[in-house]
file final.pdb (PDB, C-alpha atoms)
ATOM      1  CA  MET N  20     -38.039 162.702 343.980
ATOM      2  CA  ARG N  21     -34.762 164.329 343.300
ATOM      3  CA  LYS N  22     -33.475 164.167 339.789
ATOM      4  CA  ILE N  23     -29.967 162.919 339.269
ATOM      5  CA  LYS N  24     -27.937 165.274 337.265
ATOM      6  CA  LEU N  25     -25.248 163.821 335.123
ATOM      7  CA  SER N  26     -22.299 165.781 334.276
ATOM      8  CA  ARG N  27     -21.282 166.411 330.755
ATOM      9  CA  GLU N  28     -18.303 164.091 331.040
ATOM     10  CA  VAL N  29     -20.472 161.199 332.247
ATOM     11  CA  LYS N  30     -22.927 161.689 329.455
ATOM     12  CA  ILE N  31     -20.107 161.639 326.916
ATOM     13  CA  SER N  32     -18.695 158.485 328.542
ATOM     14  CA  LEU N  33     -22.054 156.719 328.415
ATOM     15  CA  ILE N  34     -22.588 157.681 324.799
ATOM     16  CA  PHE N  35     -19.091 156.460 323.959
ATOM     17  CA  ILE N  36     -19.681 153.079 325.713
ATOM     18  CA  PHE N  37     -23.033 152.650 323.968
ATOM     19  CA  ALA N  38     -21.477 153.436 320.601
ATOM     20  CA  LEU N  39     -18.631 151.008 321.275
ATOM     21  CA  LEU N  40     -21.038 148.231 322.188
ATOM     22  CA  LEU N  41     -23.129 149.005 319.134
ATOM     23  CA  PHE N  42     -19.983 148.926 316.985
ATOM     24  CA  ILE N  43     -18.910 145.544 318.408
ATOM     25  CA  TRP N  44     -22.391 144.139 317.930
ATOM     26  CA  GLY N  45     -22.482 145.471 314.356
ATOM     27  CA  ILE N  46     -19.103 143.976 313.509
ATOM     28  CA  ASN N  47     -20.151 140.566 314.817
ATOM     29  CA  TYR N  48     -23.479 140.882 313.087
ATOM     30  CA  LEU N  49     -21.750 141.580 309.828
ATOM     31  CA  LYS N  50     -19.562 138.543 310.480
ATOM     32  CA  GLY N  51     -22.731 136.533 310.974
ATOM     33  CA  SER N  52     -22.487 136.240 314.724
ATOM     34  CA  ASP N  53     -25.431 137.653 316.580
ATOM     35  CA  LEU N  54     -24.375 138.381 320.140
ATOM     36  CA  LEU N  55     -27.989 138.489 321.204
ATOM     37  CA  GLN N  56     -28.755 135.021 319.855
ATOM     38  CA  LYS N  57     -27.760 131.690 321.340
ATOM     39  CA  THR N  58     -25.212 129.885 319.133
ATOM     40  CA  ARG N  59     -23.314 126.582 319.088
ATOM     41  CA  LYS N  60     -19.752 126.052 317.936
ATOM     42  CA  PHE N  61     -18.569 123.092 315.949
ATOM     43  CA  TYR N  62     -15.244 122.151 314.441
ATOM     44  CA  ALA N  63     -14.013 120.147 311.465
ATOM     45  CA  ASP N  64     -10.501 119.245 310.250
ATOM     46  CA  TYR N  65      -9.388 119.462 306.620
ATOM     47  CA  GLU N  66      -6.210 118.859 304.640
ATOM     48  CA  ASN N  67      -7.174 121.572 302.134
ATOM     49  CA  VAL N  68      -9.889 124.196 302.609
ATOM     50  CA  ASN N  69      -9.915 125.116 298.848
ATOM     51  CA  GLY N  70     -10.199 128.878 299.477
ATOM     52  CA  LEU N  71     -12.699 128.772 302.357
ATOM     53  CA  MET N  72     -12.676 132.025 304.351
ATOM     54  CA  ASN N  73     -14.151 133.446 307.506
ATOM     55  CA  ALA N  74     -17.806 134.535 307.261
ATOM     56  CA  ASN N  75     -18.524 131.978 304.552
ATOM     57  CA  PRO N  76     -21.997 130.513 305.137
ATOM     58  CA  VAL N  77     -22.837 127.184 306.748
ATOM     59  CA  LEU N  78     -25.707 125.413 304.994
ATOM     60  CA  VAL N  79     -28.069 122.583 305.855
ATOM     61  CA  SER N  80     -30.026 121.329 302.841
ATOM     62  CA  GLY N  81     -29.204 124.620 301.119
ATOM     63  CA  PHE N  82     -30.542 126.729 304.019
ATOM     64  CA  ARG N  83     -28.152 129.110 305.792
ATOM     65  CA  VAL N  84     -27.824 128.184 309.503
ATOM     66  CA  GLY N  85     -24.472 129.722 310.473
ATOM     67  CA  LEU N  86     -21.097 131.138 309.521
ATOM     68  CA  VAL N  87     -17.446 130.147 309.454
ATOM     69  CA  THR N  88     -15.832 132.017 312.335
ATOM     70  CA  ASP N  89     -12.199 130.895 312.444
ATOM     71  CA  MET N  90      -9.513 128.762 310.747
ATOM     72  CA  TYR N  91      -6.069 127.756 311.966
ATOM     73  CA  PHE N  92      -3.470 124.987 311.720
ATOM     74  CA  LYS N  93      -3.702 122.327 314.381
ATOM     75  CA  LYS N  94      -0.719 122.307 316.739
ATOM     76  CA  ASN N  95      -0.457 118.554 317.232
ATOM     77  CA  ASP N  96      -1.250 117.562 313.670
ATOM     78  CA  ALA N  97       0.844 119.428 311.123
ATOM     79  CA  GLY N  98      -0.823 119.928 307.796
ATOM     80  CA  LYS N  99      -4.363 119.726 309.204
ATOM     81  CA  ILE N 100      -6.502 122.839 309.213
ATOM     82  CA  ARG N 101      -9.198 123.199 311.851
ATOM     83  CA  VAL N 102     -12.247 125.212 310.837
ATOM     84  CA  GLU N 103     -14.565 126.700 313.456
ATOM     85  CA  PHE N 104     -18.112 127.544 312.530
ATOM     86  CA  THR N 105     -21.161 128.583 314.502
ATOM     87  CA  ILE N 106     -24.738 127.464 314.020
ATOM     88  CA  ASN N 107     -27.502 129.858 315.081
ATOM     89  CA  SER N 108     -30.379 127.571 314.292
ATOM     90  CA  ASP N 109     -31.866 125.121 316.744
ATOM     91  CA  ILE N 110     -31.632 122.339 314.162
ATOM     92  CA  LEU N 111     -30.475 118.992 315.485
ATOM     93  CA  ILE N 112     -26.920 118.143 314.340
ATOM     94  CA  PRO N 113     -26.126 114.406 314.735
ATOM     95  CA  LYS N 114     -22.657 113.319 315.869
ATOM     96  CA  ASN N 115     -21.740 111.569 312.608
ATOM     97  CA  SER N 116     -22.687 114.540 310.425
ATOM     98  CA  ILE N 117     -20.236 115.616 307.721
ATOM     99  CA  ALA N 118     -19.040 119.202 307.291
ATOM    100  CA  ARG N 119     -18.345 119.333 303.540
ATOM    101  CA  ILE N 120     -16.701 122.303 301.832
ATOM    102  CA  ILE N 121     -18.572 123.038 298.574
ATOM    103  CA  ASP N 122     -18.873 125.712 295.877
ATOM    104  CA  SER N 123     -21.799 127.974 296.698
ATOM    105  CA  ASP N 124     -21.957 129.611 293.243
ATOM    106  CA  LEU N 125     -20.425 129.515 289.786
ATOM    107  CA  LEU N 126     -17.839 132.150 290.748
ATOM    108  CA  GLY N 127     -16.142 129.728 293.123
ATOM    109  CA  SER N 128     -17.368 131.098 296.455
ATOM    110  CA  LYS N 129     -17.124 128.510 299.199
ATOM    111  CA  ALA N 130     -19.495 127.321 301.879
ATOM    112  CA  VAL N 131     -19.719 124.561 304.461
ATOM    113  CA  GLU N 132     -22.595 122.180 303.921
ATOM    114  CA  ILE N 133     -23.670 120.036 306.866
ATOM    115  CA  VAL N 134     -24.675 116.574 305.692
ATOM    116  CA  LEU N 135     -26.791 115.303 308.582
ATOM    117  CA  GLY N 136     -26.014 111.887 310.009
ATOM    118  CA  ASP N 137     -28.133 109.518 312.083
ATOM    119  CA  GLN N 138     -26.280 108.908 315.366
ATOM    120  CA  GLY N 139     -27.333 110.968 318.384
ATOM    121  CA  GLU N 140     -26.962 114.722 318.865
ATOM    122  CA  ALA N 141     -23.710 116.657 318.667
ATOM    123  CA  VAL N 142     -23.115 119.075 321.553
ATOM    124  CA  ASN N 143     -21.382 122.421 321.574
ATOM    125  CA  LYS N 144     -17.705 122.331 320.459
ATOM    126  CA  ASP N 145     -17.897 118.815 319.026
ATOM    127  CA  VAL N 146     -15.640 117.961 316.041
ATOM    128  CA  LEU N 147     -17.498 116.852 312.941
ATOM    129  CA  LEU N 148     -16.055 114.843 310.071
ATOM    130  CA  GLY N 149     -14.501 117.181 307.502
ATOM    131  CA  GLU N 150     -14.787 116.516 303.788
ATOM    132  CA  THR N 151     -13.911 118.500 300.666
ATOM    133  CA  GLN N 152     -16.011 118.313 297.535
ATOM    134  CA  MET N 153     -14.325 118.826 294.202
ATOM    135  CA  GLY N 154     -15.348 122.174 292.829
ATOM    136  CA  LEU N 155     -16.727 122.963 289.411
ATOM    137  CA  MET N 156     -13.357 123.948 288.037
ATOM    138  CA  GLY N 157     -11.719 120.909 289.580
ATOM    139  CA  SER N 158     -14.404 118.652 288.129
ATOM    140  CA  LEU N 159     -13.971 120.249 284.716
ATOM    141  CA  SER N 160     -10.216 119.951 285.051
ATOM    142  CA  SER N 161     -10.451 116.243 285.944
ATOM    143  CA  GLN N 162     -12.709 115.643 282.925
ATOM    144  CA  ILE N 163     -10.627 117.756 280.570
ATOM    145  CA  GLU N 164      -7.310 116.238 281.655
ATOM    146  CA  PRO N 165      -7.846 112.861 279.852
ATOM    147  CA  ILE N 166      -9.037 114.721 276.759
ATOM    148  CA  LYS N 167      -5.946 116.911 276.946
ATOM    149  CA  THR N 168      -3.701 113.853 277.239
ATOM    150  CA  LYS N 169      -5.384 112.186 274.254
ATOM    151  CA  ALA N 170      -5.195 115.401 272.251
ATOM    152  CA  GLU N 171      -1.482 115.697 272.982
ATOM    153  CA  SER N 172      -0.893 112.092 271.879
ATOM    154  CA  ILE N 173      -2.960 112.671 268.730
ATOM    155  CA  LEU N 174      -1.018 115.833 267.936
ATOM    156  CA  ALA N 175       2.240 113.951 268.447
ATOM    157  CA  SER N 176       1.018 111.216 266.082
ATOM    158  CA  ILE N 177      -0.063 113.812 263.513
ATOM    159  CA  ASP N 178       3.334 115.473 263.789
ATOM    160  CA  SER N 179       5.079 112.120 263.242
ATOM    161  CA  ILE N 180       2.836 111.384 260.249
ATOM    162  CA  ALA N 181       3.552 114.833 258.817
ATOM    163  CA  LEU N 182       7.290 114.298 259.175
ATOM    164  CA  ALA N 183       7.020 110.868 257.565
ATOM    165  CA  MET N 184       4.953 112.313 254.730
ATOM    166  CA  ASN N 185       7.549 115.030 254.189
ATOM    167  CA  VAL N 186      10.270 112.395 254.022
ATOM    168  CA  VAL N 187       8.331 110.043 251.752
ATOM    169  CA  LEU N 188       6.676 112.599 249.514
ATOM    170  CA  ASN N 189       9.850 114.140 248.164
ATOM    171  CA  LYS N 190      10.005 115.743 244.743
ATOM    172  CA  GLU N 191      10.752 112.465 242.946
ATOM    173  CA  THR N 192       7.893 110.672 244.696
ATOM    174  CA  GLN N 193       5.519 113.519 243.878
ATOM    175  CA  ASN N 194       6.500 113.316 240.211
ATOM    176  CA  ASN N 195       5.959 109.544 240.279
ATOM    177  CA  LEU N 196       2.528 110.014 241.883
ATOM    178  CA  ILE N 197       1.570 112.596 239.263
ATOM    179  CA  LYS N 198       2.739 110.233 236.526
ATOM    180  CA  SER N 199       0.799 107.363 238.105
ATOM    181  CA  PHE N 200      -2.394 109.442 238.257
ATOM    182  CA  GLU N 201      -1.930 110.405 234.601
ATOM    183  CA  GLU N 202      -1.520 106.722 233.667
ATOM    184  CA  ILE N 203      -4.599 105.845 235.700
ATOM    185  CA  GLN N 204      -6.524 108.540 233.849
ATOM    186  CA  GLN N 205      -5.315 107.147 230.510
ATOM    187  CA  THR N 206      -6.296 103.635 231.599
ATOM    188  CA  ILE N 207      -9.782 104.838 232.538
ATOM    189  CA  SER N 208     -10.041 106.563 229.160
ATOM    190  CA  HIS N 209      -9.051 103.326 227.390
ATOM    191  CA  LEU N 210     -11.572 101.404 229.458
ATOM    192  CA  ASN N 211     -14.259 103.884 228.463
ATOM    193  CA  ASN N 212     -13.330 103.441 224.803
ATOM    194  CA  SER N 213     -13.347  99.645 225.200
ATOM    195  CA  LEU N 214     -16.735  99.784 226.884
ATOM    196  CA  SER N 215     -18.029 101.939 224.053
ATOM    197  CA  VAL N 216     -16.803  99.364 221.526
ATOM    198  CA  VAL N 217     -18.407  96.586 223.559
ATOM    199  CA  ASP N 218     -21.659  98.533 223.659
ATOM    200  CA  GLN N 219     -21.535  98.960 219.902
ATOM    201  CA  VAL N 220     -20.844  95.241 219.395
ATOM    202  CA  LEU N 221     -23.646  94.304 221.744
ATOM    203  CA  ALA N 222     -26.019  96.697 220.021
ATOM    204  CA  LYS N 223     -25.007  95.311 216.629
ATOM    205  CA  ASP N 224     -25.268  91.651 217.600
ATOM    206  CA  LYS N 225     -28.239  92.058 219.892
ATOM    207  CA  ASN N 226     -30.431  89.838 217.741
ATOM    208  CA  LYS N 227     -27.749  87.129 217.594
ATOM    209  CA  LEU N 228     -27.340  87.207 221.345
ATOM    210  CA  SER N 229     -31.100  86.928 221.707
ATOM    211  CA  ASP N 230     -31.062  83.901 219.366
ATOM    212  CA  ILE N 231     -28.180  82.308 221.305
ATOM    213  CA  ILE N 232     -29.984  82.843 224.591
ATOM    214  CA  GLY N 233     -33.155  81.448 223.030
ATOM    215  CA  ASN N 234     -31.258  78.375 221.792
ATOM    216  CA  ILE N 235     -29.732  77.843 225.227
ATOM    217  CA  GLU N 236     -33.159  78.138 226.772
ATOM    218  CA  SER N 237     -34.502  75.655 224.217
ATOM    219  CA  ILE N 238     -31.681  73.230 225.027
ATOM    220  CA  THR N 239     -32.336  73.491 228.740
ATOM    221  CA  THR N 240     -36.058  73.006 228.101
ATOM    222  CA  ASN N 241     -35.370  69.878 226.032
ATOM    223  CA  LEU N 242     -33.059  68.570 228.721
ATOM    224  CA  LYS N 243     -35.765  69.169 231.279
ATOM    225  CA  LYS N 244     -38.377  67.434 229.117
ATOM    226  CA  ASN N 245     -36.074  64.468 228.377
ATOM    227  CA  ASN N 246     -34.939  64.116 231.937
ATOM    228  CA  ASP N 247     -36.530  60.672 232.212
ATOM    229  CA  LYS N 248     -34.904  59.502 228.967
ATOM    230  CA  ILE N 249     -31.500  60.760 230.106
ATOM    231  CA  SER N 250     -31.997  58.916 233.380
ATOM    232  CA  ASN N 251     -32.851  55.707 231.453
ATOM    233  CA  ALA N 252     -29.752  56.171 229.259
ATOM    234  CA  VAL N 253     -27.588  56.593 232.321
ATOM    235  CA  ASN N 254     -29.160  53.474 233.840
ATOM    236  CA  ASN N 255     -28.533  51.530 230.585
ATOM    237  CA  PHE N 256     -24.923  52.680 230.559
ATOM    238  CA  SER N 257     -24.663  51.586 234.164
ATOM    239  CA  ASN N 258     -26.061  48.161 233.220
ATOM    240  CA  ILE N 259     -23.584  47.858 230.331
ATOM    241  CA  SER N 260     -20.715  48.769 232.605
ATOM    242  CA  ASP N 261     -21.969  46.215 235.137
ATOM    243  CA  THR N 262     -22.094  43.570 232.330
ATOM    244  CA  ILE N 263     -18.569  44.407 231.243
ATOM    245  CA  ALA N 264     -17.437  44.257 234.840
ATOM    246  CA  ALA N 265     -19.147  40.876 235.226
ATOM    247  CA  ALA N 266     -17.339  39.449 232.181
ATOM    248  CA  ASN N 267     -14.228  37.276 232.657
ATOM    249  CA  LEU N 268     -11.816  40.046 231.721
ATOM    250  CA  ALA N 269      -8.980  38.559 233.701
ATOM    251  CA  GLN N 270      -8.973  35.344 231.623
ATOM    252  CA  THR N 271      -9.203  37.307 228.368
ATOM    253  CA  ILE N 272      -6.277  39.520 229.346
ATOM    254  CA  GLN N 273      -4.281  36.424 230.333
ATOM    255  CA  GLU N 274      -4.921  34.777 226.917
ATOM    256  CA  VAL N 275      -3.968  37.961 225.103
ATOM    257  CA  SER N 276      -0.768  38.136 227.151
ATOM    258  CA  LYS N 277      -0.007  34.497 226.253
ATOM    259  CA  THR N 278      -0.595  35.233 222.554
ATOM    260  CA  PHE N 279       1.785  38.192 222.638
ATOM    261  CA  GLY N 280       4.367  35.999 224.373
ATOM    262  CA  GLU N 281       4.184  33.365 221.606
ATOM    263  CA  LEU N 282       4.400  36.105 218.957
ATOM    264  CA  ASN N 283       7.481  37.478 220.666
ATOM    265  CA  GLN N 284       9.108  34.007 220.593
ATOM    266  CA  SER N 285       8.385  33.678 216.860
ATOM    267  CA  LEU N 286       9.930  37.059 216.168
ATOM    268  CA  ASN N 287      13.005  36.074 218.159
ATOM    269  CA  LYS N 288      13.375  32.912 216.010
ATOM    270  CA  LEU N 289      13.060  34.951 212.837
ATOM    271  CA  ASN N 290      15.774  37.294 214.071
ATOM    272  CA  LYS N 291      18.040  34.295 214.876
ATOM    273  CA  GLY N 292      17.475  32.721 211.425
ATOM    274  CA  GLU N 293      15.730  29.659 212.678
ATOM    275  CA  GLY N 294      13.251  27.876 210.352
ATOM    276  CA  THR N 295      12.469  28.611 206.710
ATOM    277  CA  ALA N 296      11.251  32.144 207.284
ATOM    278  CA  GLY N 297      14.237  32.795 209.526
ATOM    279  CA  GLN N 298      16.636  31.536 206.832
ATOM    280  CA  LEU N 299      15.008  33.852 204.326
ATOM    281  CA  LEU N 300      15.438  36.804 206.668
ATOM    282  CA  ALA N 301      18.890  35.946 208.053
ATOM    283  CA  ASN N 302      20.731  34.262 205.070
ATOM    284  CA  ASP N 303      21.536  36.515 202.074
ATOM    285  CA  SER N 304      22.628  33.679 199.720
ATOM    286  CA  LEU N 305      19.105  33.428 198.303
ATOM    287  CA  TYR N 306      19.135  37.164 197.676
ATOM    288  CA  THR N 307      22.531  36.834 195.910
ATOM    289  CA  ASN N 308      21.363  33.926 193.720
ATOM    290  CA  LEU N 309      18.199  35.781 192.820
ATOM    291  CA  GLN N 310      20.212  38.838 191.943
ATOM    292  CA  ASN N 311      22.604  36.806 189.706
ATOM    293  CA  ALA N 312      19.687  35.024 188.035
ATOM    294  CA  SER N 313      17.996  38.346 187.377
ATOM    295  CA  LYS N 314      21.198  39.719 185.864
ATOM    296  CA  ASN N 315      21.657  36.656 183.616
ATOM    297  CA  LEU N 316      18.028  36.873 182.540
ATOM    298  CA  GLU N 317      18.523  40.505 181.647
ATOM    299  CA  LEU N 318      21.604  39.598 179.512
ATOM    300  CA  LEU N 319      19.684  36.798 177.839
ATOM    301  CA  LEU N 320      16.826  39.129 176.934
ATOM    302  CA  GLU N 321      19.208  41.683 175.508
ATOM    303  CA  ASP N 322      20.962  39.010 173.376
ATOM    304  CA  LEU N 323      17.582  37.666 172.266
ATOM    305  CA  LYS N 324      16.588  41.112 171.207
ATOM    306  CA  GLU N 325      19.808  41.716 169.278
ATOM    307  CA  ASN N 326      20.155  38.223 167.753
ATOM    308  CA  PRO N 327      16.733  36.661 167.464
ATOM    309  CA  ASN N 328      17.861  34.369 164.613
ATOM    310  CA  ARG N 329      20.231  32.709 166.945
ATOM    311  CA  TYR N 330      17.343  31.321 168.866
ATOM    312  CA  VAL N 331      14.537  31.039 166.232
ATOM    313  CA  ASN N 332      14.999  29.149 162.839
ATOM    314  CA  PHE N 333      12.287  29.847 160.189
ATOM    315  CA  SER N 334      12.497  29.730 156.323
ATOM    316  CA  LEU N 335       9.908  29.505 153.526
ATOM    317  CA  PHE N 336      12.338  27.812 151.113
ATOM    318  CA  GLY N 337      14.063  25.509 153.361
ATOM    319  CA  ARG N 338      17.180  27.604 153.526
ATOM    320  CA  LYS N 339      18.895  27.296 156.791
ATOM    321  CA  ASN N 340      20.830  30.256 158.116
ATOM    322  CA  LYS N 341      23.410  29.946 160.720
TER     323      LYS N 341
END
call {"tool": "encode", "arguments": {"input": "final.pdb", "output": "structure tokens"}}
result
Amino acid sequence: MRKIKLSREVKISLIFIFALLLFIWGINYLKGSDLLQKTRKFYADYENVNGLMNANPVLVSGFRVGLVTDMYFKKNDAGKIRVEFTINSDILIPKNSIARIIDSDLLGSKAVEIVLGDQGEAVNKDVLLGETQMGLMGSLSSQIEPIKTKAESILASIDSIALAMNVVLNKETQNNLIKSFEEIQQTISHLNNSLSVVDQVLAKDKNKLSDIIGNIESITTNLKKNNDKISNAVNNFSNISDTIAAANLAQTIQEVSKTFGELNQSLNKLNKGEGTAGQLLANDSLYTNLQNASKNLELLLEDLKENPNRYVNFSLFGRKNK
């Protein structure tokens, strides 16, 4: 058999073609696309890809099954981004599966996680439902945002309080507060002195207080022992009050009222000068006569004292004096 001789140029061309094919295969392999392996393409639409890039992994239950191969804006739906990704695995992808963009690590790297559905099998180039999961930083930001808002409101309130305190606590107010605290301290000192005096008094009169407490205890004991007697006394008082209530008080009060009426009539007659007693009280002629008689009697007594012979005649010899 005759050997085929290849020229140098042909050999170089073949080597160049082989190297080019190897280079293309290597580039695709590095991109995650194995030209020698059967793959399926799927699509998903998103409003925001949150930093997703080509060659980011596609995961199913955390296991890598493919790569993101392309991203572009949809022509007929402005604002929507279509993501193309290939799946190398033979895993069954249901039609209602969800292609969710997630954080693959703490550094914020992205990945597409396929959440498997339960309705039939998706075929090559089907469009899955796109969904974006809030990343770690976004989650932290959403949780920190309310705290930040509250902190800002608290700081504003503290600032307002500080301004109000600066306005209220001027120099005069500070002096008044210092004076008030000094007076409070003096008051506490006086209270301590008073309490010391009270302690001394209590210590001095401790025996008397003990006697007083003993007497009170004795009184309460006697009251407790004589409880039956006190009850009988209260019952007796109740009986007496019932007897008084049963008496004909209305008739007695009526007779007393009648007596006072008659007394009032008698006093009115005395004031008018009616009757003998009334004449004595109202007419002053008797008083005048008595006064004149008293005066004449006084003159008679004086004359009798000065001239007793005028009224008494007495002689041992029968001589008669005039």
call {"tool": "residues_around", "arguments": {"input": "final.pdb", "residues": "Tyr65 in chain N", "least_positions_apart": "2", "cutoff": "7 Å", "atoms": "only C-alpha atoms", "output": "number ranges by chain"}}
result
N: 63, 67-68, 99-101, 149-150
call {"tool": "residues_around", "arguments": {"input": "final.pdb", "residues": "Lys60 in chain N", "least_positions_apart": "4", "cutoff": "12 Å", "atoms": "all atoms listed in the file", "output": "PDB file with C-alpha atoms, in the frame of the given file"}}
result
ATOM      1  CA  SER N  52     -22.487 136.240 314.724  1.00  0.00           C
ATOM      2  CA  VAL N  77     -22.837 127.184 306.748  1.00  0.00           C
ATOM      3  CA  VAL N  84     -27.824 128.184 309.503  1.00  0.00           C
ATOM      4  CA  GLY N  85     -24.472 129.722 310.473  1.00  0.00           C
ATOM      5  CA  LEU N  86     -21.097 131.138 309.521  1.00  0.00           C
ATOM      6  CA  VAL N  87     -17.446 130.147 309.454  1.00  0.00           C
ATOM      7  CA  THR N  88     -15.832 132.017 312.335  1.00  0.00           C
ATOM      8  CA  ASP N  89     -12.199 130.895 312.444  1.00  0.00           C
ATOM      9  CA  VAL N 102     -12.247 125.212 310.837  1.00  0.00           C
ATOM     10  CA  GLU N 103     -14.565 126.700 313.456  1.00  0.00           C
ATOM     11  CA  PHE N 104     -18.112 127.544 312.530  1.00  0.00           C
ATOM     12  CA  THR N 105     -21.161 128.583 314.502  1.00  0.00           C
ATOM     13  CA  ILE N 106     -24.738 127.464 314.020  1.00  0.00           C
ATOM     14  CA  ASN N 107     -27.502 129.858 315.081  1.00  0.00           C
ATOM     15  CA  SER N 108     -30.379 127.571 314.292  1.00  0.00           C
ATOM     16  CA  ILE N 112     -26.920 118.143 314.340  1.00  0.00           C
ATOM     17  CA  ALA N 141     -23.710 116.657 318.667  1.00  0.00           C
ATOM     18  CA  VAL N 142     -23.115 119.075 321.553  1.00  0.00           C
ATOM     19  CA  ASN N 143     -21.382 122.421 321.574  1.00  0.00           C
ATOM     20  CA  LYS N 144     -17.705 122.331 320.459  1.00  0.00           C
ATOM     21  CA  ASP N 145     -17.897 118.815 319.026  1.00  0.00           C
ATOM     22  CA  VAL N 146     -15.640 117.961 316.041  1.00  0.00           C
ATOM     23  CA  LEU N 147     -17.498 116.852 312.941  1.00  0.00           C
TER      24      LEU N 147
END
call {"tool": "atom_distance", "arguments": {"input": "final.pdb", "atom1": "CA of Lys129 in chain N", "atom2": "CA of Asp96 in chain N"}}
result
24.1 Å
call {"tool": "closest_residue", "arguments": {"input": "final.pdb", "among": "N:Lys94, N:Leu125, N:Ile117, N:Leu196", "to": "Asp137 in chain N", "atoms": "only C-alpha atoms"}}
result
N:Ile117
call {"tool": "atom_distance", "arguments": {"input": "final.pdb", "atom1": "CA of Asn95 in chain N", "atom2": "CA of Ser128 in chain N"}}
result
29.6 Å
